[in-house]
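Peer 1: So I've got this file, model-v9.pdb, and it contains PDB, C-alpha atoms, pLDDT in the B column:
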MODEL        1
ATOM      1  CA  GLY A   1      -4.069  -1.724  -5.609  1.00 57.00           C
ATOM      2  CA  SER A   2      -2.664  -4.666  -7.543  1.00 76.00           C
ATOM      3  CA  GLN A   3      -3.602  -7.280  -4.945  1.00 85.00           C
ATOM      4  CA  TYR A   4      -6.128  -9.967  -5.809  1.00 87.00           C
ATOM      5  CA  GLU A   5      -7.268 -13.269  -4.342  1.00 90.00           C
ATOM      6  CA  GLY A   6      -5.013 -16.108  -5.486  1.00 93.00           C
ATOM      7  CA  MET A   7      -2.108 -13.825  -6.423  1.00 94.00           C
ATOM      8  CA  LEU A   8       1.204 -15.589  -7.128  1.00 96.00           C
ATOM      9  CA  ARG A   9      -0.281 -19.071  -6.655  1.00 96.00           C
ATOM     10  CA  GLU A  10       0.988 -20.262 -10.068  1.00 96.00           C
ATOM     11  CA  LEU A  11       4.389 -18.656  -9.512  1.00 97.00           C
ATOM     12  CA  VAL A  12       4.829 -20.462  -6.192  1.00 97.00           C
ATOM     13  CA  GLU A  13       3.857 -23.741  -7.851  1.00 96.00           C
ATOM     14  CA  ARG A  14       6.549 -23.306 -10.520  1.00 96.00           C
ATOM     15  CA  SER A  15       9.412 -21.486  -8.774  1.00 97.00           C
ATOM     16  CA  PRO A  16      11.493 -23.200  -6.069  1.00 97.00           C
ATOM     17  CA  ALA A  17      12.793 -19.796  -4.932  1.00 98.00           C
ATOM     18  CA  ALA A  18       9.251 -18.490  -4.581  1.00 98.00           C
ATOM     19  CA  GLN A  19       8.332 -21.599  -2.586  1.00 98.00           C
ATOM     20  CA  ARG A  20      11.249 -21.065  -0.225  1.00 98.00           C
ATOM     21  CA  ALA A  21      10.462 -17.369   0.185  1.00 98.00           C
ATOM     22  CA  MET A  22       6.848 -18.176   0.987  1.00 98.00           C
ATOM     23  CA  ALA A  23       7.884 -20.811   3.548  1.00 98.00           C
ATOM     24  CA  VAL A  24      10.132 -18.286   5.302  1.00 97.00           C
ATOM     25  CA  ALA A  25       7.378 -15.678   5.217  1.00 98.00           C
ATOM     26  CA  ASP A  26       4.858 -18.148   6.622  1.00 98.00           C
ATOM     27  CA  ARG A  27       7.058 -18.763   9.661  1.00 98.00           C
ATOM     28  CA  HIS A  28       7.199 -15.037  10.411  1.00 98.00           C
ATOM     29  CA  LEU A  29       3.493 -14.536   9.709  1.00 97.00           C
ATOM     30  CA  THR A  30       2.506 -17.419  11.953  1.00 97.00           C
ATOM     31  CA  ALA A  31       4.755 -16.147  14.740  1.00 96.00           C
ATOM     32  CA  ALA A  32       3.004 -12.773  14.473  1.00 96.00           C
ATOM     33  CA  GLY A  33      -0.423 -14.418  14.686  1.00 95.00           C
ATOM     34  CA  LEU A  34      -1.316 -13.578  11.097  1.00 95.00           C
ATOM     35  CA  GLY A  35      -1.732 -17.084   9.675  1.00 94.00           C
ATOM     36  CA  THR A  36       0.026 -17.890   6.386  1.00 96.00           C
ATOM     37  CA  PHE A  37       0.327 -16.156   3.046  1.00 96.00           C
ATOM     38  CA  ALA A  38      -2.223 -18.605   1.649  1.00 95.00           C
ATOM     39  CA  ASP A  39      -4.624 -17.647   4.445  1.00 93.00           C
ATOM     40  CA  LEU A  40      -4.175 -13.962   3.621  1.00 93.00           C
ATOM     41  CA  ALA A  41      -4.220 -14.094  -0.173  1.00 93.00           C
ATOM     42  CA  TRP A  42      -5.542 -17.412  -1.441  1.00 93.00           C
ATOM     43  CA  SER A  43      -8.424 -18.485   0.785  1.00 84.00           C
ATOM     44  CA  GLY A  44     -12.046 -17.800   0.003  1.00 73.00           C
ATOM     45  CA  SER A  45     -12.209 -15.728   3.176  1.00 67.00           C
ATOM     46  CA  ALA A  46      -9.285 -13.495   2.177  1.00 64.00           C
ATOM     47  CA  ARG A  47     -10.080  -9.868   3.055  1.00 73.00           C
ATOM     48  CA  LEU A  48      -7.914  -8.147   0.471  1.00 75.00           C
ATOM     49  CA  ASP A  49      -9.094  -4.572  -0.155  1.00 70.00           C
ATOM     50  CA  GLU A  50     -11.323  -4.728   2.933  1.00 73.00           C
ATOM     51  CA  ASP A  51      -8.876  -4.997   5.825  1.00 80.00           C
ATOM     52  CA  PRO A  52      -5.788  -2.755   5.555  1.00 82.00           C
ATOM     53  CA  VAL A  53      -3.610  -5.008   7.724  1.00 87.00           C
ATOM     54  CA  THR A  54      -4.418  -8.114   5.669  1.00 87.00           C
ATOM     55  CA  THR A  55      -3.927  -6.234   2.414  1.00 88.00           C
ATOM     56  CA  GLN A  56      -0.620  -4.593   3.293  1.00 91.00           C
ATOM     57  CA  ILE A  57       0.927  -7.698   4.857  1.00 95.00           C
ATOM     58  CA  ALA A  58      -0.132  -9.767   1.823  1.00 94.00           C
ATOM     59  CA  VAL A  59       1.383  -7.207  -0.567  1.00 94.00           C
ATOM     60  CA  LEU A  60       4.617  -7.100   1.447  1.00 96.00           C
ATOM     61  CA  VAL A  61       4.995 -10.881   1.298  1.00 97.00           C
ATOM     62  CA  ALA A  62       4.009 -10.971  -2.378  1.00 97.00           C
ATOM     63  CA  ASP A  63       6.738  -8.435  -3.160  1.00 96.00           C
ATOM     64  CA  THR A  64       9.249 -10.580  -1.273  1.00 97.00           C
ATOM     65  CA  ILE A  65       8.190 -13.703  -3.181  1.00 98.00           C
ATOM     66  CA  MET A  66       8.449 -11.864  -6.502  1.00 97.00           C
ATOM     67  CA  HIS A  67      11.925 -10.599  -5.621  1.00 96.00           C
ATOM     68  CA  ALA A  68      13.040 -14.139  -4.816  1.00 97.00           C
ATOM     69  CA  ALA A  69      11.672 -15.421  -8.121  1.00 97.00           C
ATOM     70  CA  THR A  70      13.308 -12.701 -10.216  1.00 97.00           C
ATOM     71  CA  THR A  71      16.620 -13.268  -8.439  1.00 96.00           C
ATOM     72  CA  GLU A  72      16.303 -16.986  -9.228  1.00 96.00           C
ATOM     73  CA  ALA A  73      15.866 -16.019 -12.898  1.00 96.00           C
ATOM     74  CA  GLY A  74      19.144 -14.073 -12.813  1.00 96.00           C
ATOM     75  CA  ILE A  75      17.588 -10.617 -12.670  1.00 96.00           C
ATOM     76  CA  GLU A  76      19.350  -8.290 -10.241  1.00 92.00           C
ATOM     77  CA  PRO A  77      18.186  -4.664  -9.976  1.00 92.00           C
ATOM     78  CA  ASP A  78      20.653  -1.798 -10.124  1.00 93.00           C
ATOM     79  CA  CYS A  79      18.485   0.025  -7.608  1.00 95.00           C
ATOM     80  CA  VAL A  80      15.252  -0.436  -5.679  1.00 95.00           C
ATOM     81  CA  CYS A  81      12.607   2.132  -4.889  1.00 94.00           C
ATOM     82  CA  GLY A  82       9.104   2.225  -3.531  1.00 93.00           C
ATOM     83  CA  HIS A  83       6.210   4.631  -3.330  1.00 89.00           C
ATOM     84  CA  SER A  84       4.113   4.914  -0.179  1.00 89.00           C
ATOM     85  CA  PHE A  85       3.804   1.450   1.411  1.00 91.00           C
ATOM     86  CA  GLY A  86       6.110   0.132  -1.317  1.00 93.00           C
ATOM     87  CA  GLU A  87       9.001   1.816   0.482  1.00 95.00           C
ATOM     88  CA  ILE A  88       8.888  -0.940   3.101  1.00 96.00           C
ATOM     89  CA  SER A  89       9.098  -3.672   0.453  1.00 96.00           C
ATOM     90  CA  ALA A  90      12.007  -1.800  -1.131  1.00 96.00           C
ATOM     91  CA  MET A  91      13.770  -1.702   2.249  1.00 97.00           C
ATOM     92  CA  VAL A  92      13.482  -5.497   2.419  1.00 97.00           C
ATOM     93  CA  ALA A  93      14.819  -5.876  -1.137  1.00 96.00           C
ATOM     94  CA  ALA A  94      17.788  -3.648  -0.232  1.00 96.00           C
ATOM     95  CA  GLN A  95      18.262  -5.611   3.019  1.00 96.00           C
ATOM     96  CA  VAL A  96      17.755  -2.503   5.126  1.00 97.00           C
ATOM     97  CA  LEU A  97      15.051  -4.443   6.969  1.00 97.00           C
ATOM     98  CA  SER A  98      14.492  -8.166   7.322  1.00 97.00           C
ATOM     99  CA  LEU A  99      11.049  -9.485   6.449  1.00 98.00           C
ATOM    100  CA  GLU A 100      10.372 -10.083  10.143  1.00 97.00           C
ATOM    101  CA  GLN A 101      11.169  -6.438  10.881  1.00 98.00           C
ATOM    102  CA  ALA A 102       9.097  -5.268   7.929  1.00 98.00           C
ATOM    103  CA  ILE A 103       6.059  -7.155   9.226  1.00 97.00           C
ATOM    104  CA  ARG A 104       6.370  -5.360  12.578  1.00 97.00           C
ATOM    105  CA  VAL A 105       6.729  -1.973  10.874  1.00 97.00           C
ATOM    106  CA  THR A 106       3.766  -2.696   8.617  1.00 96.00           C
ATOM    107  CA  LEU A 107       1.551  -3.553  11.579  1.00 95.00           C
ATOM    108  CA  ALA A 108       2.594  -0.347  13.335  1.00 95.00           C
ATOM    109  CA  ARG A 109       2.004   1.701  10.171  1.00 93.00           C
ATOM    110  CA  ALA A 110      -1.469   0.272   9.577  1.00 90.00           C
ATOM    111  CA  GLY A 111      -2.476   0.913  13.184  1.00 90.00           C
ATOM    112  CA  ALA A 112      -1.139   4.456  13.124  1.00 92.00           C
ATOM    113  CA  LEU A 113      -3.001   5.304   9.906  1.00 88.00           C
ATOM    114  CA  ALA A 114      -6.258   3.891  11.234  1.00 85.00           C
ATOM    115  CA  GLU A 115      -5.953   5.912  14.430  1.00 88.00           C
ATOM    116  CA  ALA A 116      -4.883   9.113  12.674  1.00 88.00           C
ATOM    117  CA  ASN A 117      -7.770   9.306  10.213  1.00 82.00           C
ATOM    118  CA  PRO A 118     -10.855   7.273  11.109  1.00 85.00           C
ATOM    119  CA  GLY A 119     -13.520   7.776   8.486  1.00 90.00           C
ATOM    120  CA  GLY A 120     -11.143   9.041   5.826  1.00 93.00           C
ATOM    121  CA  GLY A 121     -10.879   7.862   2.252  1.00 93.00           C
ATOM    122  CA  LEU A 122      -9.917   8.607  -1.343  1.00 95.00           C
ATOM    123  CA  LEU A 123     -12.020   9.430  -4.393  1.00 98.00           C
ATOM    124  CA  SER A 124     -10.785   8.797  -7.936  1.00 98.00           C
ATOM    125  CA  VAL A 125     -11.984  11.555 -10.258  1.00 98.00           C
ATOM    126  CA  SER A 126     -12.141  11.600 -14.065  1.00 98.00           C
ATOM    127  CA  ALA A 127     -11.093  15.220 -14.422  1.00 98.00           C
ATOM    128  CA  SER A 128      -7.957  17.263 -14.883  1.00 97.00           C
ATOM    129  CA  LEU A 129      -5.893  18.513 -11.988  1.00 98.00           C
ATOM    130  CA  SER A 130      -6.918  22.128 -12.579  1.00 98.00           C
ATOM    131  CA  GLU A 131     -10.623  21.230 -12.787  1.00 98.00           C
ATOM    132  CA  VAL A 132     -10.457  19.282  -9.524  1.00 98.00           C
ATOM    133  CA  ARG A 133      -8.568  22.044  -7.747  1.00 98.00           C
ATOM    134  CA  ASP A 134     -11.112  24.630  -8.899  1.00 98.00           C
ATOM    135  CA  LEU A 135     -14.020  22.528  -7.633  1.00 98.00           C
ATOM    136  CA  ILE A 136     -12.289  21.903  -4.290  1.00 98.00           C
ATOM    137  CA  ALA A 137     -11.797  25.644  -3.907  1.00 98.00           C
ATOM    138  CA  ALA A 138     -15.479  26.233  -4.705  1.00 96.00           C
ATOM    139  CA  GLN A 139     -16.730  24.214  -1.725  1.00 96.00           C
ATOM    140  CA  PRO A 140     -16.102  24.532   2.037  1.00 97.00           C
ATOM    141  CA  ARG A 141     -14.975  21.033   3.029  1.00 97.00           C
ATOM    142  CA  PRO A 142     -11.322  20.093   3.801  1.00 97.00           C
ATOM    143  CA  LEU A 143     -10.388  18.081   0.688  1.00 98.00           C
ATOM    144  CA  TYR A 144      -6.950  17.535  -0.802  1.00 98.00           C
ATOM    145  CA  VAL A 145      -5.519  16.402  -4.125  1.00 98.00           C
ATOM    146  CA  THR A 146      -3.413  13.349  -3.260  1.00 97.00           C
ATOM    147  CA  HIS A 147      -2.500  11.900  -6.672  1.00 96.00           C
ATOM    148  CA  HIS A 148      -2.345  13.184 -10.243  1.00 96.00           C
ATOM    149  CA  ASN A 149      -2.089   9.905 -12.121  1.00 95.00           C
ATOM    150  CA  ALA A 150      -2.964  10.981 -15.669  1.00 97.00           C
ATOM    151  CA  PRO A 151      -4.137  14.105 -17.525  1.00 97.00           C
ATOM    152  CA  THR A 152      -7.768  13.370 -16.615  1.00 97.00           C
ATOM    153  CA  GLN A 153      -7.318  11.099 -13.584  1.00 97.00           C
ATOM    154  CA  THR A 154      -6.956  12.810 -10.221  1.00 98.00           C
ATOM    155  CA  VAL A 155      -7.425  11.472  -6.698  1.00 98.00           C
ATOM    156  CA  VAL A 156      -8.882  13.464  -3.806  1.00 98.00           C
ATOM    157  CA  GLY A 157      -8.579  12.689  -0.095  1.00 97.00           C
ATOM    158  CA  GLY A 158     -10.879  13.647   2.759  1.00 97.00           C
ATOM    159  CA  LEU A 159     -13.489  12.368   5.177  1.00 96.00           C
ATOM    160  CA  GLN A 160     -15.949   9.903   3.631  1.00 96.00           C
ATOM    161  CA  ALA A 161     -18.940  12.188   4.145  1.00 96.00           C
ATOM    162  CA  ASP A 162     -17.098  15.105   2.542  1.00 98.00           C
ATOM    163  CA  LEU A 163     -16.022  12.945  -0.387  1.00 98.00           C
ATOM    164  CA  ALA A 164     -19.622  11.813  -0.936  1.00 97.00           C
ATOM    165  CA  ALA A 165     -20.740  15.445  -1.099  1.00 98.00           C
ATOM    166  CA  PHE A 166     -17.875  16.263  -3.455  1.00 98.00           C
ATOM    167  CA  ALA A 167     -18.866  13.357  -5.713  1.00 98.00           C
ATOM    168  CA  GLU A 168     -22.292  14.971  -6.101  1.00 98.00           C
ATOM    169  CA  LEU A 169     -20.658  18.279  -6.984  1.00 98.00           C
ATOM    170  CA  LEU A 170     -18.487  16.518  -9.557  1.00 98.00           C
ATOM    171  CA  LYS A 171     -21.537  14.837 -11.048  1.00 97.00           C
ATOM    172  CA  GLU A 172     -23.227  18.228 -11.430  1.00 97.00           C
ATOM    173  CA  HIS A 173     -20.230  19.364 -13.464  1.00 97.00           C
ATOM    174  CA  GLY A 174     -20.193  16.246 -15.653  1.00 97.00           C
ATOM    175  CA  HIS A 175     -17.306  14.424 -13.988  1.00 98.00           C
ATOM    176  CA  LYS A 176     -17.353  10.766 -12.973  1.00 98.00           C
ATOM    177  CA  SER A 177     -15.843   9.619  -9.690  1.00 98.00           C
ATOM    178  CA  MET A 178     -15.308   6.390  -7.778  1.00 97.00           C
ATOM    179  CA  PRO A 179     -14.422   5.753  -4.114  1.00 95.00           C
ATOM    180  CA  LEU A 180     -11.212   3.757  -3.633  1.00 92.00           C
ATOM    181  CA  ARG A 181     -10.872   0.919  -1.136  1.00 83.00           C
ATOM    182  CA  VAL A 182      -8.196   2.375   1.115  1.00 84.00           C
ATOM    183  CA  PRO A 183      -7.853   2.702   4.906  1.00 80.00           C
ATOM    184  CA  GLY A 184      -7.876   6.501   5.028  1.00 87.00           C
ATOM    185  CA  ALA A 185      -7.180   9.781   3.264  1.00 93.00           C
ATOM    186  CA  LEU A 186      -3.691   8.620   2.363  1.00 91.00           C
ATOM    187  CA  HIS A 187      -1.088  11.140   1.175  1.00 93.00           C
ATOM    188  CA  SER A 188      -3.059  14.017   2.664  1.00 95.00           C
ATOM    189  CA  PRO A 189      -2.599  16.206   5.762  1.00 95.00           C
ATOM    190  CA  LEU A 190      -5.387  14.216   7.431  1.00 94.00           C
ATOM    191  CA  VAL A 191      -2.981  11.323   8.110  1.00 93.00           C
ATOM    192  CA  ALA A 192      -0.068  13.460   9.316  1.00 93.00           C
ATOM    193  CA  GLY A 193      -0.747  12.252  12.849  1.00 92.00           C
ATOM    194  CA  ALA A 194       0.544   8.797  11.903  1.00 93.00           C
ATOM    195  CA  GLN A 195       4.103  10.051  11.451  1.00 93.00           C
ATOM    196  CA  GLY A 196       5.079   9.905  15.113  1.00 94.00           C
ATOM    197  CA  ALA A 197       4.012   6.293  15.637  1.00 93.00           C
ATOM    198  CA  LEU A 198       5.696   5.169  12.420  1.00 93.00           C
ATOM    199  CA  ARG A 199       8.893   6.993  13.359  1.00 94.00           C
ATOM    200  CA  THR A 200       8.868   5.269  16.754  1.00 95.00           C
ATOM    201  CA  ALA A 201       8.355   1.867  15.117  1.00 95.00           C
ATOM    202  CA  LEU A 202      11.299   2.430  12.784  1.00 94.00           C
ATOM    203  CA  GLU A 203      13.520   3.671  15.613  1.00 96.00           C
ATOM    204  CA  ARG A 204      12.937   0.380  17.432  1.00 96.00           C
ATOM    205  CA  GLU A 205      14.434  -1.544  14.517  1.00 97.00           C
ATOM    206  CA  ALA A 206      18.111  -1.918  13.655  1.00 97.00           C
ATOM    207  CA  LEU A 207      18.327  -0.553  10.117  1.00 96.00           C
ATOM    208  CA  ARG A 208      21.223  -1.828   7.989  1.00 96.00           C
ATOM    209  CA  PRO A 209      23.043  -0.037   5.172  1.00 96.00           C
ATOM    210  CA  PRO A 210      21.381  -0.852   1.829  1.00 95.00           C
ATOM    211  CA  THR A 211      23.103  -3.482  -0.318  1.00 94.00           C
ATOM    212  CA  ARG A 212      22.171  -1.611  -3.510  1.00 93.00           C
ATOM    213  CA  LEU A 213      20.996   1.862  -4.447  1.00 94.00           C
ATOM    214  CA  PHE A 214      17.816   2.558  -2.515  1.00 91.00           C
ATOM    215  CA  TYR A 215      15.353   5.381  -3.079  1.00 87.00           C
TER     216      TYR A 215
ENDMDL
END
Would you encode the structure as structure tokens?
Peer 2:
Amino acid sequence: GSQYEGMLRELVERSPAAQRAMAVADRHLTAAGLGTFADLAWSGSARLDEDPVTTQIAVLVADTIMHAATTEAGIEPDCVCGHSFGEISAMVAAQVLSLEQAIRVTLARAGALAEANPGGGLLSVSASLSEVRDLIAAQPRPLYVTHHNAPTQTVVGGLQADLAAFAELLKEHGHKSMPLRVPGALHSPLVAGAQGALRTALEREALRPPTRLFY
């Protein structure tokens, strides 16, 4: 993902709106027992990319800080949208959820994904979609194409052991691959079991009508 240690530190130093947004976020984070945004994203012990809860909460707050800063600069979006976890940040930007609610939903989502697919992961492959699909079909393990990001950049989801075996098969056919630091085989049928818990978490929250177009 786009997260990195120290992210938005300079923005918070320069933008009063970003400072205020971070202060509000810190109150909610502390109340939830998560520390502060600085603890999550700026400290030398930050576990971005290693711990899914830390990573997703830090990204959620970073998105909120960025939205505050762009609003301060006079930039108002005509619409907001999000992909995957980004949908929750978009719901905050559209005021469907408050940040406090979004933190609760994020915690529920991370827990549900971890429980649904222990030992799952993603493998980034330097090969075309058709080549990857053919190689998946040529082996017996349950693997799934989860992303087609570019003509020769495809992502495959599955259990870690199965992905390791598939990486060897790819190597035999001249294709490079790299494991991604993610909490499971995201965007694949292997995490379908997380849907019920996430639905329950959302049903507990009072969702508001969006204040702008929301996708």
Peer 1: For range 65-75 of chain A, work out the shell of residues within 8 Å, counting all atoms listed in the file and skipping chain neighbours fewer than 3 positions away, then give it as a JSON list (two decimals) with C-alpha atoms, in the coordinates of the input.
Peer 2:
[["chain", "number", "residue", "atom", "x", "y", "z"],
["A", 15, "SER", "CA", 9.41, -21.49, -8.77],
["A", 17, "ALA", "CA", 12.79, -19.80, -4.93],
["A", 18, "ALA", "CA", 9.25, -18.49, -4.58],
["A", 19, "GLN", "CA", 8.33, -21.60, -2.59],
["A", 21, "ALA", "CA", 10.46, -17.37, 0.18],
["A", 22, "MET", "CA", 6.85, -18.18, 0.99],
["A", 61, "VAL", "CA", 5.00, -10.88, 1.30],
["A", 62, "ALA", "CA", 4.01, -10.97, -2.38],
["A", 93, "ALA", "CA", 14.82, -5.88, -1.14]]
Peer 1: Just how far from CA of Glu87 in chain A is CA of Gln101 in chain A, in Å to one decimal?
Peer 2: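 Going from CA of Gln101 in chain A over to CA of Glu87 in chain A, I get 13.5 Å.
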Peer 1: Which of these, A:Thr106, A:Asn117, A:Ser128, A:Thr146, has the shortest distance to Gln160 in chain A once you count all atoms listed in the file?
Peer 2: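 Of A:Thr106, A:Asn117, A:Ser128, A:Thr146, the one nearest Gln160 in chain A is A:Asn117, counting all atoms listed in the file.
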Peer 1: Quick one: contact table of range 134-154 of chain A to range 169-186 of chain A, 10 Å max, nearest atom pair and distance in Å to one decimal per residue, counting only C-alpha atoms, chain and number order, as a tab-separated table?
Peer 2:
residue	atom	partner	partner_atom	distance
A:Leu135	CA	A:Leu170	CA	7.7
A:Ile136	CA	A:Leu169	CA	9.5
A:Ala138	CA	A:Leu169	CA	9.8
A:Gln139	CA	A:Leu169	CA	8.8
A:Leu143	CA	A:Ala185	CA	9.3
A:Tyr144	CA	A:Ala185	CA	8.8
A:Thr146	CA	A:Leu186	CA	7.4
A:His147	CA	A:Leu186	CA	9.7
A:Thr152	CA	A:His175	CA	9.9
A:Gln153	CA	A:Ser177	CA	9.5
A:Thr154	CA	A:Ser177	CA	9.5
Peer 1: How many Å lie between CA of Ala167 in chain A and CA of Leu190 in chain A, rounded to one decimal?
Peer 2: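 Taking CA of Ala167 in chain A and CA of Leu190 in chain A, their separation equals 18.8 Å.
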Peer 1: Kindly resolve the PyMOL selection byres ((chain A and resi 47) around 12) on the present coordinates and return the residues as a tab-separated table (two decimals) with C-alpha atoms, in the coordinates of the input.
Peer 2:
chain	number	residue	atom	x	y	z
A	3	GLN	CA	-3.60	-7.28	-4.94
A	4	TYR	CA	-6.13	-9.97	-5.81
A	5	GLU	CA	-7.27	-13.27	-4.34
A	6	GLY	CA	-5.01	-16.11	-5.49
A	38	ALA	CA	-2.22	-18.60	1.65
A	39	ASP	CA	-4.62	-17.65	4.44
A	40	LEU	CA	-4.18	-13.96	3.62
A	41	ALA	CA	-4.22	-14.09	-0.17
A	42	TRP	CA	-5.54	-17.41	-1.44
A	43	SER	CA	-8.42	-18.48	0.78
A	44	GLY	CA	-12.05	-17.80	0.00
A	45	SER	CA	-12.21	-15.73	3.18
A	46	ALA	CA	-9.28	-13.50	2.18
A	48	LEU	CA	-7.91	-8.15	0.47
A	49	ASP	CA	-9.09	-4.57	-0.16
A	50	GLU	CA	-11.32	-4.73	2.93
A	51	ASP	CA	-8.88	-5.00	5.82
A	52	PRO	CA	-5.79	-2.76	5.56
A	53	VAL	CA	-3.61	-5.01	7.72
A	54	THR	CA	-4.42	-8.11	5.67
A	55	THR	CA	-3.93	-6.23	2.41
A	56	GLN	CA	-0.62	-4.59	3.29
A	57	ILE	CA	0.93	-7.70	4.86
A	58	ALA	CA	-0.13	-9.77	1.82
A	181	ARG	CA	-10.87	0.92	-1.14
Peer 1: Work out where the centre of an axis-aligned box around every listed atom of range 88-92 of chain A lies and how long its edges are once 6 Å is added on each side; give both in Å to one decimal as lines of an AutoDock Vina configuration file.
Peer 2:
center_x = 11.3
center_y = -3.2
center_z = 1.0
size_x = 16.9
size_y = 16.6
size_z = 16.2
Peer 1: Just to confirm, what's the straight-line distance from CA of Asp162 in chain A to CA of Arg141 in chain A in Å (one decimal)?
Peer 2: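 Computing the Euclidean distance for CA of Asp162 in chain A and CA of Arg141 in chain A yields 6.3 Å.
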Peer 1: Would you mind telling me which residue in A:Leu213, A:Leu202, A:Leu11, A:Ala23 lies nearest to Ile88 in chain A when using all atoms listed in the file?
Peer 2: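 When distances to Ile88 in chain A are compared using all atoms listed in the file, the smallest one comes from A:Leu202.
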Peer 1: Could you spell out the hits of the PyMOL selection byres ((chain A and resi 156) around 6) on the shown file, as a PDB file with C-alpha atoms, keeping the file's coordinate frame?
Peer 2:
ATOM      1  CA  LEU A 122      -9.917   8.607  -1.343  1.00 95.00           C
ATOM      2  CA  LEU A 123     -12.020   9.430  -4.393  1.00 98.00           C
ATOM      3  CA  TYR A 144      -6.950  17.535  -0.802  1.00 98.00           C
ATOM      4  CA  VAL A 145      -5.519  16.402  -4.125  1.00 98.00           C
ATOM      5  CA  THR A 146      -3.413  13.349  -3.260  1.00 97.00           C
ATOM      6  CA  VAL A 155      -7.425  11.472  -6.698  1.00 98.00           C
ATOM      7  CA  GLY A 157      -8.579  12.689  -0.095  1.00 97.00           C
TER       8      GLY A 157
END
Peer 1: For the structure provided, state which residues fall under the PyMOL selection byres ((chain A and resi 28) around 12), and present them as JSON, numbers by chain.
Peer 2: {"A": [21, 22, 23, 24, 25, 26, 27, 29, 30, 31, 32, 33, 34, 35, 36, 37, 57, 61, 98, 99, 100, 101, 102, 103, 104]}
Peer 1: For C-alpha atoms, I'd like the residues from the last selection saved as a PDB file, in the frame of the given file.
Peer 2:
ATOM      1  CA  ALA A  21      10.462 -17.369   0.185  1.00 98.00           C
ATOM      2  CA  MET A  22       6.848 -18.176   0.987  1.00 98.00           C
ATOM      3  CA  ALA A  23       7.884 -20.811   3.548  1.00 98.00           C
ATOM      4  CA  VAL A  24      10.132 -18.286   5.302  1.00 97.00           C
ATOM      5  CA  ALA A  25       7.378 -15.678   5.217  1.00 98.00           C
ATOM      6  CA  ASP A  26       4.858 -18.148   6.622  1.00 98.00           C
ATOM      7  CA  ARG A  27       7.058 -18.763   9.661  1.00 98.00           C
ATOM      8  CA  LEU A  29       3.493 -14.536   9.709  1.00 97.00           C
ATOM      9  CA  THR A  30       2.506 -17.419  11.953  1.00 97.00           C
ATOM     10  CA  ALA A  31       4.755 -16.147  14.740  1.00 96.00           C
ATOM     11  CA  ALA A  32       3.004 -12.773  14.473  1.00 96.00           C
ATOM     12  CA  GLY A  33      -0.423 -14.418  14.686  1.00 95.00           C
ATOM     13  CA  LEU A  34      -1.316 -13.578  11.097  1.00 95.00           C
ATOM     14  CA  GLY A  35      -1.732 -17.084   9.675  1.00 94.00           C
ATOM     15  CA  THR A  36       0.026 -17.890   6.386  1.00 96.00           C
ATOM     16  CA  PHE A  37       0.327 -16.156   3.046  1.00 96.00           C
ATOM     17  CA  ILE A  57       0.927  -7.698   4.857  1.00 95.00           C
ATOM     18  CA  VAL A  61       4.995 -10.881   1.298  1.00 97.00           C
ATOM     19  CA  SER A  98      14.492  -8.166   7.322  1.00 97.00           C
ATOM     20  CA  LEU A  99      11.049  -9.485   6.449  1.00 98.00           C
ATOM     21  CA  GLU A 100      10.372 -10.083  10.143  1.00 97.00           C
ATOM     22  CA  GLN A 101      11.169  -6.438  10.881  1.00 98.00           C
ATOM     23  CA  ALA A 102       9.097  -5.268   7.929  1.00 98.00           C
ATOM     24  CA  ILE A 103       6.059  -7.155   9.226  1.00 97.00           C
ATOM     25  CA  ARG A 104       6.370  -5.360  12.578  1.00 97.00           C
TER      26      ARG A 104
END
Peer 1: Got a sec: who's within 9 Å of Ala108 in chain A, counting only C-alpha atoms, leaving out chain neighbours fewer than 3 positions off, as number ranges by chain?
Peer 2: A: 103-105, 111-113, 197-198, 201
Peer 1: For Leu97 in chain A, which residue among A:Pro209, A:Pro16, A:Pro142, A:Gly120 is the nearest when counting only C-alpha atoms?
Peer 2: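 Checking each candidate against Leu97 in chain A, we get A:Pro209 as the closest.
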Peer 1: Which of these, A:Tyr215, A:Asp134, A:Arg208, A:Phe166, has the shortest distance to His83 in chain A once you count all atoms listed in the file?
Peer 2: A:Tyr215
